[in-house]
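Trainee: My file is run-v9.pdb. It has PDB, C-alpha atoms:
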```pdb
ATOM      1  CA  MET C   4     -74.843 -24.211 -47.487
ATOM      2  CA  ASP C   5     -77.182 -26.802 -45.877
ATOM      3  CA  GLY C   6     -79.808 -24.146 -45.260
ATOM      4  CA  HIS C   7     -80.248 -23.642 -49.012
ATOM      5  CA  VAL C   8     -81.136 -27.229 -49.959
ATOM      6  CA  LEU C   9     -84.354 -29.165 -49.615
ATOM      7  CA  TRP C  10     -82.568 -32.299 -48.362
ATOM      8  CA  ASP C  11     -79.438 -31.750 -46.292
ATOM      9  CA  TYR C  12     -76.758 -33.955 -44.723
ATOM     10  CA  ARG C  13     -79.344 -35.699 -42.521
ATOM     11  CA  VAL C  14     -80.819 -37.402 -45.580
ATOM     12  CA  ALA C  15     -77.329 -38.601 -46.545
ATOM     13  CA  ILE C  16     -76.867 -39.975 -43.021
ATOM     14  CA  ASP C  17     -80.213 -41.785 -43.256
ATOM     15  CA  LEU C  18     -79.289 -43.327 -46.601
ATOM     16  CA  PHE C  19     -75.882 -44.387 -45.259
ATOM     17  CA  LEU C  20     -77.018 -45.807 -41.910
ATOM     18  CA  GLY C  21     -80.089 -47.427 -43.432
ATOM     19  CA  GLY C  22     -77.984 -49.036 -46.148
ATOM     20  CA  VAL C  23     -75.489 -50.403 -43.632
ATOM     21  CA  GLY C  24     -78.299 -51.759 -41.470
ATOM     22  CA  VAL C  25     -80.211 -53.595 -44.188
ATOM     23  CA  ALA C  26     -77.026 -55.104 -45.608
ATOM     24  CA  ALA C  27     -75.957 -56.267 -42.135
ATOM     25  CA  PHE C  28     -79.308 -58.060 -41.833
ATOM     26  CA  ILE C  29     -78.923 -59.667 -45.271
ATOM     27  CA  LEU C  30     -75.440 -60.957 -44.435
ATOM     28  CA  SER C  31     -76.571 -62.202 -41.021
ATOM     29  CA  ALA C  32     -79.481 -64.069 -42.613
ATOM     30  CA  LEU C  33     -77.113 -65.749 -45.068
ATOM     31  CA  LEU C  34     -74.733 -66.739 -42.263
ATOM     32  CA  PHE C  35     -77.645 -68.033 -40.184
ATOM     33  CA  PHE C  36     -78.899 -70.380 -42.884
ATOM     34  CA  LEU C  37     -75.439 -71.521 -43.952
ATOM     35  CA  ASP C  38     -74.286 -72.614 -40.482
ATOM     36  CA  LYS C  39     -76.194 -71.185 -37.539
ATOM     37  CA  GLU C  40     -73.844 -72.610 -34.926
ATOM     38  CA  ALA C  41     -70.447 -71.811 -36.427
ATOM     39  CA  ASN C  42     -71.486 -68.348 -37.598
ATOM     40  CA  LYS C  43     -73.425 -67.375 -34.468
ATOM     41  CA  PRO C  44     -70.861 -64.852 -33.074
ATOM     42  CA  VAL C  45     -70.952 -62.934 -36.351
ATOM     43  CA  TYR C  46     -74.616 -63.069 -37.322
ATOM     44  CA  LYS C  47     -75.787 -62.299 -33.785
ATOM     45  CA  GLY C  48     -73.906 -59.003 -33.922
ATOM     46  CA  GLY C  49     -75.263 -58.282 -37.395
ATOM     47  CA  PHE C  50     -78.871 -58.937 -36.381
ATOM     48  CA  ILE C  51     -78.504 -56.578 -33.400
ATOM     49  CA  LEU C  52     -76.739 -53.948 -35.481
ATOM     50  CA  ALA C  53     -79.319 -53.876 -38.309
ATOM     51  CA  PRO C  54     -82.423 -52.380 -36.612
ATOM     52  CA  LEU C  55     -80.307 -49.940 -34.590
ATOM     53  CA  PHE C  56     -78.680 -48.470 -37.689
ATOM     54  CA  VAL C  57     -81.888 -48.301 -39.723
ATOM     55  CA  SER C  58     -83.787 -46.713 -36.820
ATOM     56  CA  LEU C  59     -81.035 -44.173 -36.194
ATOM     57  CA  GLY C  60     -81.099 -43.281 -39.884
ATOM     58  CA  LEU C  61     -84.867 -42.790 -39.769
ATOM     59  CA  ILE C  62     -84.458 -40.456 -36.794
ATOM     60  CA  PHE C  63     -82.122 -38.268 -38.847
ATOM     61  CA  LEU C  64     -84.627 -38.338 -41.702
ATOM     62  CA  LEU C  65     -87.470 -37.242 -39.428
ATOM     63  CA  LEU C  66     -85.293 -34.470 -37.990
ATOM     64  CA  GLU C  67     -84.640 -33.241 -41.526
ATOM     65  CA  ILE C  68     -88.322 -33.349 -42.398
ATOM     66  CA  GLY C  69     -89.062 -31.407 -39.213
ATOM     67  CA  ARG C  70     -92.445 -33.030 -38.706
ATOM     68  CA  PRO C  71     -91.964 -36.439 -37.049
ATOM     69  CA  PHE C  72     -95.705 -36.974 -36.611
ATOM     70  CA  ASN C  73     -96.056 -37.029 -40.395
ATOM     71  CA  ALA C  74     -94.468 -40.473 -40.289
ATOM     72  CA  VAL C  75     -97.408 -41.808 -38.259
ATOM     73  CA  ARG C  76     -99.849 -40.230 -40.709
ATOM     74  CA  THR C  77     -97.898 -41.800 -43.590
ATOM     75  CA  LEU C  78     -98.170 -45.245 -42.006
ATOM     76  CA  ILE C  79    -101.922 -44.890 -41.569
ATOM     77  CA  ASN C  80    -102.663 -43.286 -44.945
ATOM     78  CA  ILE C  81    -100.521 -45.223 -47.422
ATOM     79  CA  ASN C  82    -100.388 -43.741 -50.887
ATOM     80  CA  PRO C  83     -99.469 -46.494 -53.402
ATOM     81  CA  ALA C  84     -98.443 -43.829 -55.912
ATOM     82  CA  SER C  85     -95.945 -42.240 -53.506
ATOM     83  CA  ILE C  86     -92.542 -43.879 -53.256
ATOM     84  CA  MET C  87     -91.942 -41.950 -50.001
ATOM     85  CA  SER C  88     -95.143 -43.343 -48.474
ATOM     86  CA  LEU C  89     -94.364 -46.897 -49.561
ATOM     87  CA  GLY C  90     -90.791 -46.535 -48.340
ATOM     88  CA  VAL C  91     -91.802 -45.426 -44.841
ATOM     89  CA  PHE C  92     -94.249 -48.333 -44.599
ATOM     90  CA  LEU C  93     -91.638 -50.791 -45.916
ATOM     91  CA  GLN C  94     -88.956 -49.644 -43.484
ATOM     92  CA  ALA C  95     -91.373 -49.661 -40.537
ATOM     93  CA  ILE C  96     -92.212 -53.327 -41.135
ATOM     94  CA  PHE C  97     -88.544 -54.206 -41.617
ATOM     95  CA  VAL C  98     -87.507 -52.433 -38.395
ATOM     96  CA  ALA C  99     -90.252 -54.232 -36.430
ATOM     97  CA  ILE C 100     -89.128 -57.637 -37.711
ATOM     98  CA  ALA C 101     -85.444 -56.808 -37.273
ATOM     99  CA  PHE C 102     -85.913 -55.693 -33.653
ATOM    100  CA  TYR C 103     -87.815 -58.878 -32.874
ATOM    101  CA  VAL C 104     -85.082 -61.034 -34.401
ATOM    102  CA  ALA C 105     -82.452 -59.054 -32.461
ATOM    103  CA  TYR C 106     -84.473 -59.628 -29.277
ATOM    104  CA  LEU C 107     -84.463 -63.365 -29.916
ATOM    105  CA  MET C 108     -80.709 -63.336 -30.456
ATOM    106  CA  VAL C 109     -80.165 -61.667 -27.072
ATOM    107  CA  LYS C 110     -82.787 -63.802 -25.343
ATOM    108  CA  ARG C 111     -81.052 -66.970 -26.423
ATOM    109  CA  ASP C 112     -77.954 -66.116 -24.396
ATOM    110  CA  GLU C 113     -79.645 -64.492 -21.393
ATOM    111  CA  SER C 114     -82.470 -66.936 -20.667
ATOM    112  CA  CYS C 115     -81.609 -70.376 -19.351
ATOM    113  CA  SER C 116     -85.113 -71.548 -20.229
ATOM    114  CA  CYS C 117     -84.689 -70.598 -23.849
ATOM    115  CA  GLN C 118     -83.735 -73.713 -25.780
ATOM    116  CA  GLY C 119     -83.961 -75.085 -29.261
ATOM    117  CA  GLU C 120     -84.577 -73.408 -32.571
ATOM    118  CA  SER C 121     -87.148 -70.974 -31.143
ATOM    119  CA  CYS C 122     -84.264 -68.956 -29.730
ATOM    120  CA  GLU C 123     -82.593 -68.732 -33.114
ATOM    121  CA  GLY C 124     -85.439 -66.662 -34.466
ATOM    122  CA  PRO C 125     -88.229 -68.074 -36.610
ATOM    123  CA  LYS C 126     -86.841 -68.878 -40.008
ATOM    124  CA  PHE C 127     -89.755 -67.329 -41.853
ATOM    125  CA  LEU C 128     -89.195 -64.031 -40.028
ATOM    126  CA  ILE C 129     -85.528 -64.003 -40.960
ATOM    127  CA  LEU C 130     -86.431 -64.793 -44.576
ATOM    128  CA  ALA C 131     -89.074 -62.067 -44.594
ATOM    129  CA  GLY C 132     -86.672 -59.635 -42.976
ATOM    130  CA  GLY C 133     -83.998 -60.425 -45.557
ATOM    131  CA  PHE C 134     -86.441 -59.846 -48.398
ATOM    132  CA  LEU C 135     -87.615 -56.541 -46.893
ATOM    133  CA  ALA C 136     -83.997 -55.536 -46.302
ATOM    134  CA  LEU C 137     -83.250 -56.072 -49.986
ATOM    135  CA  LEU C 138     -86.294 -54.014 -50.986
ATOM    136  CA  THR C 139     -85.264 -51.273 -48.578
ATOM    137  CA  GLY C 140     -81.778 -51.205 -50.077
ATOM    138  CA  LEU C 141     -83.304 -50.729 -53.523
ATOM    139  CA  TYR C 142     -85.747 -48.157 -52.156
ATOM    140  CA  HIS C 143     -82.911 -45.873 -51.041
ATOM    141  CA  GLY C 144     -81.875 -45.342 -54.655
ATOM    142  CA  MET C 145     -85.450 -45.247 -55.892
ATOM    143  CA  LEU C 146     -86.278 -42.510 -53.364
ATOM    144  CA  LEU C 147     -84.012 -40.075 -55.208
ATOM    145  CA  TYR C 148     -84.672 -41.424 -58.695
ATOM    146  CA  GLY C 149     -88.429 -41.219 -58.110
ATOM    147  CA  THR C 150     -88.299 -37.440 -57.632
ATOM    148  CA  GLY C 151     -87.862 -37.031 -61.396
ATOM    149  CA  ARG C 152     -84.766 -34.847 -61.139
ATOM    150  CA  GLU C 153     -82.421 -35.364 -64.073
ATOM    151  CA  ALA C 154     -79.366 -35.440 -61.794
ATOM    152  CA  TRP C 155     -80.799 -38.374 -59.839
ATOM    153  CA  ASN C 156     -80.906 -40.766 -62.761
ATOM    154  CA  GLY C 157     -81.600 -44.476 -63.184
ATOM    155  CA  ALA C 158     -78.117 -45.559 -62.086
ATOM    156  CA  LEU C 159     -78.828 -44.685 -58.444
ATOM    157  CA  PRO C 160     -80.762 -47.844 -57.388
ATOM    158  CA  LEU C 161     -77.821 -50.056 -58.437
ATOM    159  CA  LEU C 162     -75.244 -47.617 -57.084
ATOM    160  CA  PHE C 163     -76.861 -47.255 -53.673
ATOM    161  CA  LEU C 164     -77.671 -50.957 -53.280
ATOM    162  CA  ALA C 165     -74.110 -51.981 -54.173
ATOM    163  CA  SER C 166     -72.692 -49.360 -51.807
ATOM    164  CA  SER C 167     -74.981 -50.530 -49.011
ATOM    165  CA  ILE C 168     -74.082 -54.203 -49.501
ATOM    166  CA  ALA C 169     -70.351 -53.448 -49.466
ATOM    167  CA  SER C 170     -70.523 -51.196 -46.398
ATOM    168  CA  GLY C 171     -72.940 -53.388 -44.418
ATOM    169  CA  PHE C 172     -70.945 -56.563 -45.031
ATOM    170  CA  ALA C 173     -67.699 -54.735 -44.261
ATOM    171  CA  LEU C 174     -68.976 -53.265 -40.994
ATOM    172  CA  THR C 175     -70.374 -56.596 -39.771
ATOM    173  CA  TYR C 176     -66.994 -58.248 -40.159
ATOM    174  CA  LEU C 177     -65.117 -55.181 -38.970
ATOM    175  CA  LEU C 178     -66.919 -55.454 -35.629
ATOM    176  CA  ALA C 179     -66.494 -59.239 -35.576
ATOM    177  CA  THR C 180     -62.759 -58.912 -36.184
ATOM    178  CA  LEU C 181     -62.399 -56.248 -33.498
ATOM    179  CA  ARG C 182     -64.198 -58.553 -31.064
ATOM    180  CA  GLY C 183     -61.983 -61.422 -32.139
ATOM    181  CA  VAL C 184     -64.912 -63.684 -33.042
ATOM    182  CA  GLY C 185     -64.438 -64.146 -36.772
ATOM    183  CA  GLU C 186     -62.768 -63.205 -40.011
ATOM    184  CA  ALA C 187     -64.502 -62.783 -43.342
ATOM    185  CA  PRO C 188     -64.499 -66.041 -45.359
ATOM    186  CA  VAL C 189     -63.691 -66.082 -49.051
ATOM    187  CA  TRP C 190     -67.321 -65.989 -50.177
ATOM    188  CA  VAL C 191     -67.951 -62.820 -48.141
ATOM    189  CA  LEU C 192     -64.855 -61.186 -49.633
ATOM    190  CA  SER C 193     -66.156 -62.218 -53.052
ATOM    191  CA  ALA C 194     -69.570 -60.700 -52.305
ATOM    192  CA  ILE C 195     -68.004 -57.441 -51.138
ATOM    193  CA  SER C 196     -65.774 -57.413 -54.234
ATOM    194  CA  VAL C 197     -68.780 -57.843 -56.521
ATOM    195  CA  ALA C 198     -70.577 -55.066 -54.637
ATOM    196  CA  LEU C 199     -67.545 -52.785 -55.022
ATOM    197  CA  LEU C 200     -67.544 -53.515 -58.752
ATOM    198  CA  GLY C 201     -71.213 -52.561 -58.692
ATOM    199  CA  VAL C 202     -70.296 -49.285 -56.987
ATOM    200  CA  LEU C 203     -67.730 -48.478 -59.681
ATOM    201  CA  ALA C 204     -70.134 -49.486 -62.469
ATOM    202  CA  GLY C 205     -73.021 -47.576 -60.894
ATOM    203  CA  ALA C 206     -70.837 -44.494 -60.418
ATOM    204  CA  PHE C 207     -69.786 -44.645 -64.069
ATOM    205  CA  GLY C 208     -73.444 -44.969 -65.097
ATOM    206  CA  TRP C 209     -74.439 -42.031 -62.924
ATOM    207  CA  VAL C 210     -71.673 -39.746 -64.212
ATOM    208  CA  TYR C 211     -72.292 -40.835 -67.817
ATOM    209  CA  GLY C 212     -75.987 -40.101 -67.367
ATOM    210  CA  LEU C 213     -75.203 -36.650 -65.990
ATOM    211  CA  GLY C 214     -73.306 -35.808 -69.138
ATOM    212  CA  ALA C 215     -75.783 -37.380 -71.544
ATOM    213  CA  LEU C 216     -79.103 -36.014 -70.293
ATOM    214  CA  GLY C 217     -80.538 -32.494 -70.119
ATOM    215  CA  VAL C 218     -79.301 -29.068 -69.131
ATOM    216  CA  GLU C 219     -79.915 -29.569 -65.408
ATOM    217  CA  SER C 220     -78.026 -32.855 -65.515
ATOM    218  CA  LYS C 221     -74.998 -31.364 -67.286
ATOM    219  CA  ALA C 222     -74.978 -28.447 -64.856
ATOM    220  CA  SER C 223     -74.912 -30.980 -62.026
ATOM    221  CA  LEU C 224     -71.917 -32.701 -63.620
ATOM    222  CA  ASP C 225     -70.075 -29.396 -63.831
ATOM    223  CA  TYR C 226     -70.955 -28.683 -60.215
ATOM    224  CA  LEU C 227     -69.746 -32.160 -59.200
ATOM    225  CA  HIS C 228     -66.365 -31.605 -60.840
ATOM    226  CA  ALA C 229     -65.990 -28.068 -59.506
ATOM    227  CA  HIS C 230     -67.020 -28.654 -55.891
ATOM    228  CA  TYR C 231     -66.984 -32.373 -55.124
ATOM    229  CA  GLY C 232     -64.494 -33.859 -57.576
ATOM    230  CA  ILE C 233     -61.952 -34.897 -54.930
ATOM    231  CA  HIS C 234     -64.661 -36.173 -52.588
ATOM    232  CA  PHE C 235     -66.338 -38.273 -55.262
ATOM    233  CA  TYR C 236     -63.491 -39.595 -57.385
ATOM    234  CA  LEU C 237     -60.673 -39.847 -54.840
ATOM    235  CA  VAL C 238     -62.439 -40.559 -51.549
ATOM    236  CA  ALA C 239     -65.633 -42.376 -52.598
ATOM    237  CA  LEU C 240     -64.351 -44.300 -55.633
ATOM    238  CA  VAL C 241     -60.573 -44.723 -55.362
ATOM    239  CA  ILE C 242     -60.138 -44.980 -51.593
ATOM    240  CA  GLY C 243     -63.625 -46.267 -50.786
ATOM    241  CA  ALA C 244     -63.998 -48.814 -53.589
ATOM    242  CA  LEU C 245     -61.002 -49.389 -55.853
ATOM    243  CA  VAL C 246     -58.288 -49.821 -53.198
ATOM    244  CA  PRO C 247     -60.313 -52.311 -51.069
ATOM    245  CA  LEU C 248     -61.318 -54.160 -54.234
ATOM    246  CA  VAL C 249     -57.663 -54.579 -55.260
ATOM    247  CA  LEU C 250     -56.745 -55.786 -51.761
ATOM    248  CA  TYR C 251     -59.600 -58.311 -51.675
ATOM    249  CA  VAL C 252     -58.936 -59.651 -55.167
ATOM    250  CA  LYS C 253     -55.220 -59.973 -54.444
ATOM    251  CA  SER C 254     -56.012 -61.867 -51.244
ATOM    252  CA  MET C 255     -58.376 -64.260 -53.020
ATOM    253  CA  LEU C 256     -55.983 -64.914 -55.914
ATOM    254  CA  SER C 257     -53.058 -65.579 -53.589
ATOM    255  CA  LYS C 258     -55.308 -67.643 -51.286
ATOM    256  CA  GLU C 259     -53.842 -65.814 -48.310
ATOM    257  CA  ARG C 260     -55.885 -63.987 -45.702
ATOM    258  CA  LEU C 261     -55.533 -60.260 -45.515
ATOM    259  CA  ASP C 262     -53.348 -59.003 -42.702
ATOM    260  CA  LYS C 263     -55.653 -57.958 -39.847
ATOM    261  CA  SER C 264     -54.614 -54.324 -40.061
ATOM    262  CA  LEU C 265     -55.265 -54.273 -43.819
ATOM    263  CA  ALA C 266     -58.620 -55.982 -43.350
ATOM    264  CA  LEU C 267     -59.668 -53.402 -40.765
ATOM    265  CA  ALA C 268     -58.370 -50.522 -42.889
ATOM    266  CA  SER C 269     -60.246 -51.832 -45.943
ATOM    267  CA  SER C 270     -63.519 -51.972 -44.023
ATOM    268  CA  VAL C 271     -63.048 -48.426 -42.748
ATOM    269  CA  MET C 272     -62.250 -47.194 -46.269
ATOM    270  CA  ILE C 273     -65.416 -48.810 -47.620
ATOM    271  CA  LEU C 274     -67.556 -47.204 -44.908
ATOM    272  CA  VAL C 275     -66.056 -43.751 -45.397
ATOM    273  CA  GLY C 276     -66.399 -44.062 -49.162
ATOM    274  CA  ALA C 277     -70.042 -45.152 -48.895
ATOM    275  CA  PHE C 278     -70.997 -42.157 -46.781
ATOM    276  CA  VAL C 279     -69.127 -39.662 -48.971
ATOM    277  CA  LEU C 280     -70.704 -41.185 -52.082
ATOM    278  CA  LYS C 281     -74.255 -40.767 -50.810
ATOM    279  CA  TYR C 282     -73.538 -37.325 -49.401
ATOM    280  CA  VAL C 283     -72.219 -36.102 -52.756
ATOM    281  CA  VAL C 284     -75.105 -37.598 -54.730
ATOM    282  CA  VAL C 285     -77.698 -36.014 -52.418
ATOM    283  CA  TYR C 286     -76.155 -32.554 -52.729
ATOM    284  CA  VAL C 287     -75.267 -32.611 -56.418
ATOM    285  CA  GLY C 288     -78.832 -33.623 -57.241
ATOM    286  CA  GLN C 289     -80.004 -30.288 -55.845
ATOM    287  CA  ILE C 290     -77.847 -28.161 -58.122
ATOM    288  CA  GLU C 291     -80.460 -25.422 -58.607
ATOM    289  CA  TYR C 292     -80.434 -24.725 -54.875
ATOM    290  CA  LEU C 293     -76.693 -24.951 -54.435
ATOM    291  CA  ALA C 294     -75.762 -22.923 -57.490
ATOM    292  CA  SER C 295     -78.074 -20.063 -56.540
ATOM    293  CA  HIS C 296     -76.292 -19.354 -53.256
TER
END
```
Could you show the structure in this file as structure tokens?

Mentor:
Amino acid sequence: MDGHVLWDYRVAIDLFLGGVGVAAFILSALLFFLDKEANKPVYKGGFILAPLFVSLGLIFLLLEIGRPFNAVRTLININPASIMSLGVFLQAIFVAIAFYVAYLMVKRDESCSCQGESCEGPKFLILAGGFLALLTGLYHGMLLYGTGREAWNGALPLLFLASSIASGFALTYLLATLRGVGEAPVWVLSAISVALLGVLAGAFGWVYGLGALGVESKASLDYLHAHYGIHFYLVALVIGALVPLVLYVKSMLSKERLDKSLALASSVMILVGAFVLKYVVVYVGQIEYLASH
């Protein structure tokens, strides 16, 4: 089936990995400014993770495009009217900053001569990187919405950003927990919970828009229910969003930490749900190609 669509699974992988990476950077920046000493084991991992995930996602995107050198041309000849052109430029700057911050995080521990705040990463770079990460997270939804296809409606920027925040925050603390260097504090659980609510709200808005717009949009809704209903509703929304949300809210209300196994399982569910969500949206938005084969 992939051979019959303009954008295949590699675009979904790019959107997923890129979303995880930018959200990991945002969380790491927050942890850095809140308490750079106490949170160091967690934010260091997040800062290293961020550029790797975003870069890996871009590689998949370039493989899908089939013309990697076009990316260089896009960077040189920026078209302000093209959301794709602006997005490539935006992500290139973010990746450059993120790799430099990651380098500083590693340098701090490996160089005995590296002392003081210079090894923490310049604050203005971390602030700039966080701002660019947020814009990149919004761009992922705007990339699809900006094509003008009815099936990729205005709910996608919120949906994709919320999904990215939830999955990026979850993965950062999943790795920290596995390494035994930290557990998610209440405010992080609250942030993930809000993001999961955003996923559910954005998914409702997307599905509602599919049914309320034009012929192509309604055909996409029918195709969603016929071919991806279990993937979208059960895996992406129930398992990937609703179940972790219930577990987090229950933990916060009872003021008891989640059991480690439940915390790890919740993070994995969020990550799986985020990928399935973006995969389904990418494919359903290309209904005319899918339905014709």

Trainee: Apply the PyMOL selection byres ((chain C and resi 98) around 9) to the file shown and report the selected residues as a PDB file with C-alpha atoms, in the frame of the given file.

Mentor:
```pdb
ATOM      1  CA  ALA C  53     -79.319 -53.876 -38.309  1.00  0.00           C
ATOM      2  CA  PRO C  54     -82.423 -52.380 -36.612  1.00  0.00           C
ATOM      3  CA  LEU C  55     -80.307 -49.940 -34.590  1.00  0.00           C
ATOM      4  CA  VAL C  57     -81.888 -48.301 -39.723  1.00  0.00           C
ATOM      5  CA  SER C  58     -83.787 -46.713 -36.820  1.00  0.00           C
ATOM      6  CA  LEU C  93     -91.638 -50.791 -45.916  1.00  0.00           C
ATOM      7  CA  GLN C  94     -88.956 -49.644 -43.484  1.00  0.00           C
ATOM      8  CA  ALA C  95     -91.373 -49.661 -40.537  1.00  0.00           C
ATOM      9  CA  ILE C  96     -92.212 -53.327 -41.135  1.00  0.00           C
ATOM     10  CA  PHE C  97     -88.544 -54.206 -41.617  1.00  0.00           C
ATOM     11  CA  ALA C  99     -90.252 -54.232 -36.430  1.00  0.00           C
ATOM     12  CA  ILE C 100     -89.128 -57.637 -37.711  1.00  0.00           C
ATOM     13  CA  ALA C 101     -85.444 -56.808 -37.273  1.00  0.00           C
ATOM     14  CA  PHE C 102     -85.913 -55.693 -33.653  1.00  0.00           C
ATOM     15  CA  TYR C 103     -87.815 -58.878 -32.874  1.00  0.00           C
ATOM     16  CA  GLY C 132     -86.672 -59.635 -42.976  1.00  0.00           C
TER      17      GLY C 132
END
```

Trainee: Please measure the separation of atom CA of Leu248 of chain C and atom CA of Ser196 of chain C, giving the value in Å to one decimal.

Mentor: 5.5 Å

Trainee: Report the distance between atom CA of Ile168 of chain C and atom CA of Glu153 of chain C in Å, rounded to one decimal place.

Mentor: 25.2 Å

Trainee: Using only C-alpha atoms, can you tell me which of C:Asp262, C:Asp11, C:Glu186, C:Glu40 comes closest to Leu64 of chain C?

Mentor: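 Nearest to Leu64 of chain C: C:Asp11.
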
Trainee: Counting only C-alpha atoms, which residues sit no farther than 10 Å from the position (-74.8, -43.7, -52.2) in the file's frame? I'd like them as a VMD selection string.

Mentor: chain C and resid 15 18 to 19 22 143 to 144 159 to 167 202 205 to 206 239 276 to 285

Trainee: How many Å lie between atom CA of Leu267 of chain C and atom CA of Gly201 of chain C, rounded to one decimal?

Mentor: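 About the pair atom CA of Leu267 of chain C and atom CA of Gly201 of chain C: they are 21.3 Å apart.
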
Trainee: With distances taken over all atoms listed in the file, which residue among C:Gly60, C:Gly243, C:Pro44, C:Gly149 lies nearest Ala173 of chain C?

Mentor: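 Of the candidates, the smallest distance to Ala173 of chain C is held by C:Gly243.
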
Trainee: Here's the selection I'm unsure about, the PyMOL selection byres ((chain C and resi 215-222) around 9); applied to the file above, which residues does it give, as a PyMOL selection string?

Mentor: chain C and resi 152-156+210-214+223-227+288+290-291

Trainee: Could you spell out the hits of the PyMOL selection byres ((chain C and resi 170-172) around 9) on the shown file, as JSON, numbers by chain?

Mentor: {"C": [19, 20, 22, 23, 24, 25, 26, 27, 28, 29, 30, 31, 49, 53, 165, 166, 167, 168, 169, 173, 174, 175, 176, 177, 191, 192, 194, 195, 270, 271, 273, 274, 275, 276, 277]}

Trainee: Between C:Phe36, C:Tyr106, C:Tyr46, C:Trp190, which has the minimum distance to Phe127 of chain C (counting all atoms listed in the file)?

Mentor: C:Phe36

Trainee: With all atoms listed in the file as the atoms that count, which of C:Leu261, C:Leu146, C:Ala32, C:Leu199 lies nearest to Phe50 of chain C?

Mentor: C:Ala32

Trainee: May I ask you to restore all heavy atoms in segment 95-100 of chain C and write the result as a PDB file, keeping the file's coordinate frame?

Mentor:
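The new file out-v6.pdb reads:
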```pdb
ATOM      1  N   ALA C  95     -90.753 -49.440 -41.847  1.00  0.00           N
ATOM      2  CA  ALA C  95     -91.373 -49.661 -40.537  1.00  0.00           C
ATOM      3  C   ALA C  95     -91.565 -51.155 -40.282  1.00  0.00           C
ATOM      4  O   ALA C  95     -91.282 -51.654 -39.181  1.00  0.00           O
ATOM      5  CB  ALA C  95     -92.711 -48.927 -40.459  1.00  0.00           C
ATOM      6  N   ILE C  96     -92.028 -51.880 -41.290  1.00  0.00           N
ATOM      7  CA  ILE C  96     -92.212 -53.327 -41.135  1.00  0.00           C
ATOM      8  C   ILE C  96     -90.862 -54.007 -40.942  1.00  0.00           C
ATOM      9  O   ILE C  96     -90.700 -54.885 -40.087  1.00  0.00           O
ATOM     10  CB  ILE C  96     -92.935 -53.912 -42.360  1.00  0.00           C
ATOM     11  CG1 ILE C  96     -94.346 -53.335 -42.481  1.00  0.00           C
ATOM     12  CG2 ILE C  96     -93.007 -55.432 -42.259  1.00  0.00           C
ATOM     13  CD1 ILE C  96     -95.093 -53.817 -43.698  1.00  0.00           C
ATOM     14  N   PHE C  97     -89.877 -53.602 -41.743  1.00  0.00           N
ATOM     15  CA  PHE C  97     -88.544 -54.206 -41.617  1.00  0.00           C
ATOM     16  C   PHE C  97     -87.966 -53.977 -40.226  1.00  0.00           C
ATOM     17  O   PHE C  97     -87.433 -54.904 -39.600  1.00  0.00           O
ATOM     18  CB  PHE C  97     -87.587 -53.639 -42.662  1.00  0.00           C
ATOM     19  CG  PHE C  97     -86.160 -54.022 -42.390  1.00  0.00           C
ATOM     20  CD1 PHE C  97     -85.726 -55.325 -42.593  1.00  0.00           C
ATOM     21  CD2 PHE C  97     -85.256 -53.086 -41.905  1.00  0.00           C
ATOM     22  CE1 PHE C  97     -84.421 -55.698 -42.306  1.00  0.00           C
ATOM     23  CE2 PHE C  97     -83.948 -53.443 -41.627  1.00  0.00           C
ATOM     24  CZ  PHE C  97     -83.522 -54.756 -41.831  1.00  0.00           C
ATOM     25  N   VAL C  98     -88.060 -52.742 -39.713  1.00  0.00           N
ATOM     26  CA  VAL C  98     -87.507 -52.433 -38.395  1.00  0.00           C
ATOM     27  C   VAL C  98     -88.199 -53.268 -37.320  1.00  0.00           C
ATOM     28  O   VAL C  98     -87.541 -53.781 -36.394  1.00  0.00           O
ATOM     29  CB  VAL C  98     -87.645 -50.925 -38.093  1.00  0.00           C
ATOM     30  CG1 VAL C  98     -87.360 -50.640 -36.625  1.00  0.00           C
ATOM     31  CG2 VAL C  98     -86.679 -50.135 -38.964  1.00  0.00           C
ATOM     32  N   ALA C  99     -89.517 -53.439 -37.416  1.00  0.00           N
ATOM     33  CA  ALA C  99     -90.252 -54.232 -36.430  1.00  0.00           C
ATOM     34  C   ALA C  99     -89.754 -55.674 -36.428  1.00  0.00           C
ATOM     35  O   ALA C  99     -89.502 -56.266 -35.364  1.00  0.00           O
ATOM     36  CB  ALA C  99     -91.748 -54.171 -36.731  1.00  0.00           C
ATOM     37  N   ILE C 100     -89.614 -56.263 -37.616  1.00  0.00           N
ATOM     38  CA  ILE C 100     -89.128 -57.637 -37.711  1.00  0.00           C
ATOM     39  C   ILE C 100     -87.687 -57.729 -37.221  1.00  0.00           C
ATOM     40  O   ILE C 100     -87.321 -58.647 -36.470  1.00  0.00           O
ATOM     41  CB  ILE C 100     -89.230 -58.141 -39.161  1.00  0.00           C
ATOM     42  CG1 ILE C 100     -90.697 -58.311 -39.566  1.00  0.00           C
ATOM     43  CG2 ILE C 100     -88.481 -59.460 -39.333  1.00  0.00           C
ATOM     44  CD1 ILE C 100     -90.903 -58.711 -41.005  1.00  0.00           C
TER      45      ILE C 100
END
```
